[in-house]
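**Q** Here it is, the structure, as structure tokens.
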2 protein chains.
Amino acid sequence: MPSRESEPGSRGFIVPIGGAEDKISDRAILRRFVDLCGGPAARIAVLPTASVLADTGSRYVDVFRSVGAGFVCVIPTFTREDAESEASLEQISDCNGVFLTGGNQLRLSTILGGTALAQRIRKLNAHGVHVAGTSAGAAFSSEHMIAFGDSGSTPRAGKVSLAPGLGLINRIIVDQHFRQRDRIGRLLTALSYNPFTIGCGLDEDTAAFIGPDDTIEVVGSGGITIVDVSALEYSSMAEAGEGEPVELIGVRLHVLAAGSRFSLSSRKATPAPRKAPV
Amino acid sequence: MPSRESEPGSRGFIVPIGGAEDKISDRAILRRFVDLCGGPAARIAVLPTASVLADTGSRYVDVFRSVGAGFVCVIPTFTREDAESEASLEQISDCNGVFLTGGNQLRLSTILGGTALAQRIRKLNAHGVHVAGTSAGAAFSSEHMIAFGDSGSTPRAGKVSLAPGLGLINRIIVDQHFRQRDRIGRLLTALSYNPFTIGCGLDEDTAAFIGPDDTIEVVGSGGITIVDVSALEYSSMAEAGEGEPVELIGVRLHVLAAGSRFSLSSRKATPAPRKAPV
């Protein structure tokens, strides 16, 4: 469950990114995140926990600096003990943006879950600090996280595994590398368990900037597939045998690109303002 | 995420029961639930959604009446359309206790999830209405629900499937028929994903009466196995291959029987007061 906000509307942005975001040319997503954190006034903490590569943290330090962040640090958190360290807690509390790198989302949940650092990130976000995560970091940001699953476009019983995530937000289930890895089937499977959640399939180099008013704005070069099952008339998940296709009747789906918006409260999508003809 | 309480401490009890509760002789658990709802003043709504048997609802009407409930009704909710019906919403709002029967928890989540009736139950509970559930009904009561999984005592990767539940409470993962079906392995697997949750393994004919202060009191003839992974030093879930045993270092475990208590906030267990020698 998300931490309580100090007052309604004071929560920081939550920014799940579909992975493989541009770090070289336009860098639209990372630039937008830095701008959100105040550009030269931005103080960004990078958590490379999900990754097993040694240079993941430092690569993000370089790219965040290159798009104008005033201050960037890496908080090396690779064990549960690290995630209880007083020094890390102080360091992160001194930042106004937190960035979770890609890797394996089960590293994030097994290392950070239930620790003082996870609790601090939730509190900071509730009080205005912006939290972004790419790929594994995006999956982990919500309460219900896809841990792993099969590819393919048909939802099949038992072909996706959910796990508790960081819980910054509760209403969405994120899937990343969405179009690139053919994941609509597993996202539909995840949603078929309990239609109260909204699916958010993020293509690579595409981000959902979720504001304190729970409105998503799409940023980046790909699309976001919103799967709204609130009007679902029927799900056969309770009866389907393992591996069998799951029947779903009444799914609503939106594919949104840069500049489009989707309100998680009203469940209304708004297209990007049309560009004037060139 | 649980609905916000009107004021702290005003939430109703949440009562997950491990299944197969005594309905004939002592009926300790169901009697206690009726007493909690006011005995002759109790107004209990039975939701037989999880079950496919025609007489599940009426059996509970009889047993609740037999232990002194003033009023009991069945709200027949077998489709998502039923769960949007104005009549059902009115009927349930007129009760001070809600009971979810056993059956299949995926029927509960697929039929009730995200509907007006689910929302109403959450709101009612936040404002003092007591909600009990047995077996499937117990599994569904929490935010993270075990949908299905394998038996056995060793935690194994991928051998349990979680799904979003009703979310009356967020900190526990319930497992039912616990000792009878040898489920400690799958509960440990569920907890190994993200140690922020507390495991609550309920034997048959055993219930956790969770008060508004988040303290569990054990009622019934069996035991409750509390699995506390808050001090976990290590979980290998992120690295384990499918079906492989998961390493867990630093699990705390309590086995509690009738009269014992466990505080979900302080994570402290208190044994039942010792009986005077006979």
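Simple scheme: letters A, B, ... for chains in structure tokens order, numbers from 1 for residues in each chain, numbers from 1 for ligands in the order shown.
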Can you pull out every residue from stretch 117-249 of chain A that DSSP, working from the backbone, puts in alpha helix (DSSP H), and format the result as a list in words?
**A** Leu117, Ala118, Gln119, Arg120, Ile121, Arg122, Lys123, Leu124, Asn125, Ala126, Ala136, Gly137, Ala138, Ala139, Phe140, Ser141, Ile184, Gly185, Arg186, Leu187, Leu188, Thr189, Ala190, Leu191 and Ser192 of chain A
**Q** Keeping only C-alpha atoms, write the selected residues to a file as a CSV table (one decimal), in the first residue's frame.
**A**
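The new file part22.csv reads:
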```csv
chain,number,residue,atom,x,y,z
A,117,LEU,CA,15.6,1.9,2.5
A,118,ALA,CA,12.4,0.7,0.8
A,119,GLN,CA,10.3,2.3,3.5
A,120,ARG,CA,12.3,5.6,3.1
A,121,ILE,CA,11.8,5.6,-0.7
A,122,ARG,CA,8.0,5.2,-0.2
A,123,LYS,CA,7.9,8.0,2.4
A,124,LEU,CA,10.1,10.3,0.2
A,125,ASN,CA,7.8,9.7,-2.8
A,126,ALA,CA,4.7,10.4,-0.7
A,136,ALA,CA,13.1,-4.2,-13.7
A,137,GLY,CA,12.9,-0.8,-11.8
A,138,ALA,CA,9.6,-0.1,-13.6
A,139,ALA,CA,8.1,-3.5,-12.8
A,140,PHE,CA,9.1,-3.1,-9.1
A,141,SER,CA,7.5,0.3,-8.6
A,184,ILE,CA,0.4,-8.7,-24.1
A,185,GLY,CA,-0.5,-12.3,-23.3
A,186,ARG,CA,1.2,-12.3,-19.9
A,187,LEU,CA,-0.1,-8.8,-19.0
A,188,LEU,CA,-3.7,-10.0,-19.8
A,189,THR,CA,-3.1,-13.1,-17.7
A,190,ALA,CA,-1.9,-11.0,-14.8
A,191,LEU,CA,-5.0,-8.8,-15.1
A,192,SER,CA,-7.3,-11.8,-15.4
```
**Q** Set out as a tab-separated table a contact list for chain B and chain A with a cut-off of 7 Å, giving each residue of chain B that qualifies its closest atom pair and distance in Å to one decimal, counting only C-alpha atoms, ordered by chain and rising residue number.
**A**
```
residue	atom	partner	partner_atom	distance
B:Met1	CA	A:Met1	CA	4.5
B:Arg80	CA	A:Glu233	CA	5.9
B:Leu106	CA	A:Ala238	CA	4.6
B:Arg107	CA	A:Ala238	CA	5.1
B:Ser109	CA	A:Asn194	CA	4.8
B:Thr110	CA	A:Asn194	CA	5.0
B:Gly113	CA	A:Asn194	CA	4.8
B:Gly114	CA	A:Phe196	CA	3.6
B:Ser161	CA	A:Ser161	CA	5.8
B:Leu162	CA	A:Leu162	CA	5.3
B:Ala163	CA	A:Tyr193	CA	6.0
B:Pro164	CA	A:Asn194	CA	6.0
B:Asn170	CA	A:Met1	CA	6.6
B:Ser192	CA	A:Thr110	CA	6.8
B:Tyr193	CA	A:Thr110	CA	5.6
B:Asn194	CA	A:Ser109	CA	4.8
B:Pro195	CA	A:Gly113	CA	5.2
B:Phe196	CA	A:Gly114	CA	3.6
B:Ser230	CA	A:Gly114	CA	6.3
B:Glu233	CA	A:Arg80	CA	6.0
B:Tyr234	CA	A:Arg80	CA	6.9
B:Ser235	CA	A:Thr110	CA	6.0
B:Met237	CA	A:Leu106	CA	6.9
B:Ala238	CA	A:Leu106	CA	4.6
```
**Q** Would you save the residues from that selection as a PDB file, in the first residue's frame, using N, CA and C atoms?
**A**
```pdb
ATOM      1  N   MET B   1      -4.658  -1.698  -1.823  1.00  0.00           N
ATOM      2  CA  MET B   1      -4.397  -0.908  -0.621  1.00  0.00           C
ATOM      3  C   MET B   1      -5.699  -0.793   0.155  1.00  0.00           C
ATOM      4  N   ARG B  80     -19.949 -11.007 -12.496  1.00  0.00           N
ATOM      5  CA  ARG B  80     -19.518  -9.631 -12.276  1.00  0.00           C
ATOM      6  C   ARG B  80     -20.725  -8.687 -12.319  1.00  0.00           C
ATOM      7  N   LEU B 106      -9.865 -17.899  -6.793  1.00  0.00           N
ATOM      8  CA  LEU B 106      -9.845 -17.224  -8.094  1.00  0.00           C
ATOM      9  C   LEU B 106     -11.262 -16.887  -8.565  1.00  0.00           C
ATOM     10  N   ARG B 107     -12.254 -17.623  -8.062  1.00  0.00           N
ATOM     11  CA  ARG B 107     -13.632 -17.200  -8.347  1.00  0.00           C
ATOM     12  C   ARG B 107     -13.906 -15.861  -7.654  1.00  0.00           C
ATOM     13  N   SER B 109     -11.678 -13.499  -6.799  1.00  0.00           N
ATOM     14  CA  SER B 109     -10.960 -12.371  -7.394  1.00  0.00           C
ATOM     15  C   SER B 109     -11.453 -12.061  -8.799  1.00  0.00           C
ATOM     16  N   THR B 110     -11.815 -13.082  -9.580  1.00  0.00           N
ATOM     17  CA  THR B 110     -12.265 -12.794 -10.953  1.00  0.00           C
ATOM     18  C   THR B 110     -13.687 -12.239 -10.981  1.00  0.00           C
ATOM     19  N   GLY B 113     -13.359  -8.779  -8.074  1.00  0.00           N
ATOM     20  CA  GLY B 113     -12.268  -7.801  -8.209  1.00  0.00           C
ATOM     21  C   GLY B 113     -12.669  -6.563  -8.997  1.00  0.00           C
ATOM     22  N   GLY B 114     -12.458  -5.400  -8.399  1.00  0.00           N
ATOM     23  CA  GLY B 114     -12.719  -4.144  -9.099  1.00  0.00           C
ATOM     24  C   GLY B 114     -14.184  -3.780  -9.233  1.00  0.00           C
ATOM     25  N   SER B 161       1.699 -19.273  -7.022  1.00  0.00           N
ATOM     26  CA  SER B 161       1.249 -18.146  -7.839  1.00  0.00           C
ATOM     27  C   SER B 161       0.468 -17.171  -6.990  1.00  0.00           C
ATOM     28  N   LEU B 162       0.932 -15.935  -6.987  1.00  0.00           N
ATOM     29  CA  LEU B 162       0.239 -14.869  -6.258  1.00  0.00           C
ATOM     30  C   LEU B 162      -0.673 -14.104  -7.200  1.00  0.00           C
ATOM     31  N   ALA B 163      -1.723 -13.537  -6.645  1.00  0.00           N
ATOM     32  CA  ALA B 163      -2.631 -12.699  -7.414  1.00  0.00           C
ATOM     33  C   ALA B 163      -3.129 -11.600  -6.487  1.00  0.00           C
ATOM     34  N   PRO B 164      -3.616 -10.490  -7.035  1.00  0.00           N
ATOM     35  CA  PRO B 164      -4.162  -9.451  -6.172  1.00  0.00           C
ATOM     36  C   PRO B 164      -5.458  -9.938  -5.516  1.00  0.00           C
ATOM     37  N   ASN B 170      -2.781  -5.530   4.120  1.00  0.00           N
ATOM     38  CA  ASN B 170      -1.729  -5.520   3.121  1.00  0.00           C
ATOM     39  C   ASN B 170      -0.488  -6.280   3.576  1.00  0.00           C
ATOM     40  N   SER B 192       9.389 -15.311  -0.043  1.00  0.00           N
ATOM     41  CA  SER B 192      10.765 -15.115  -0.506  1.00  0.00           C
ATOM     42  C   SER B 192      10.862 -14.063  -1.602  1.00  0.00           C
ATOM     43  N   TYR B 193       9.725 -13.773  -2.282  1.00  0.00           N
ATOM     44  CA  TYR B 193       9.742 -12.759  -3.336  1.00  0.00           C
ATOM     45  C   TYR B 193      10.048 -11.377  -2.782  1.00  0.00           C
ATOM     46  N   ASN B 194       9.387 -11.074  -1.647  1.00  0.00           N
ATOM     47  CA  ASN B 194       9.509  -9.732  -1.084  1.00  0.00           C
ATOM     48  C   ASN B 194       9.233  -9.808   0.405  1.00  0.00           C
ATOM     49  N   PRO B 195      10.274  -9.730   1.221  1.00  0.00           N
ATOM     50  CA  PRO B 195      10.135  -9.972   2.658  1.00  0.00           C
ATOM     51  C   PRO B 195       9.333  -8.918   3.410  1.00  0.00           C
ATOM     52  N   PHE B 196       8.669  -7.972   2.742  1.00  0.00           N
ATOM     53  CA  PHE B 196       7.890  -7.015   3.534  1.00  0.00           C
ATOM     54  C   PHE B 196       6.617  -7.646   4.096  1.00  0.00           C
ATOM     55  N   SER B 230      11.002 -10.374   8.283  1.00  0.00           N
ATOM     56  CA  SER B 230      11.458  -8.975   8.296  1.00  0.00           C
ATOM     57  C   SER B 230      12.962  -8.881   8.570  1.00  0.00           C
ATOM     58  N   GLU B 233      18.134 -12.195   6.063  1.00  0.00           N
ATOM     59  CA  GLU B 233      19.443 -11.689   5.631  1.00  0.00           C
ATOM     60  C   GLU B 233      19.649 -11.958   4.148  1.00  0.00           C
ATOM     61  N   TYR B 234      18.995 -13.008   3.651  1.00  0.00           N
ATOM     62  CA  TYR B 234      19.262 -13.383   2.273  1.00  0.00           C
ATOM     63  C   TYR B 234      18.126 -14.230   1.717  1.00  0.00           C
ATOM     64  N   SER B 235      17.747 -13.971   0.480  1.00  0.00           N
ATOM     65  CA  SER B 235      16.819 -14.824  -0.265  1.00  0.00           C
ATOM     66  C   SER B 235      17.423 -15.065  -1.640  1.00  0.00           C
ATOM     67  N   MET B 237      15.829 -16.124  -4.213  1.00  0.00           N
ATOM     68  CA  MET B 237      14.758 -16.194  -5.213  1.00  0.00           C
ATOM     69  C   MET B 237      15.141 -15.563  -6.543  1.00  0.00           C
ATOM     70  N   ALA B 238      15.914 -14.465  -6.505  1.00  0.00           N
ATOM     71  CA  ALA B 238      16.268 -13.777  -7.753  1.00  0.00           C
ATOM     72  C   ALA B 238      17.151 -14.650  -8.644  1.00  0.00           C
TER      73      ALA B 238
END
```
**Q** My list of candidates is B:Ser25, B:Ser51, B:Ser10, B:Gln180. Which is closest to B:Asp214 when distances are computed with only C-alpha atoms?
**A**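 Of all the options, B:Ser10 lies closest to B:Asp214.
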**Q** Check the DSSP output for the backbone and give back, as an NGL selection string, the residues of stretch 18-192 of chain B in strand (DSSP E).
**A** :B and (43-47 or 71-74 or 97-100 or 130-134 or 144-149 or 160-164 or 172-175)
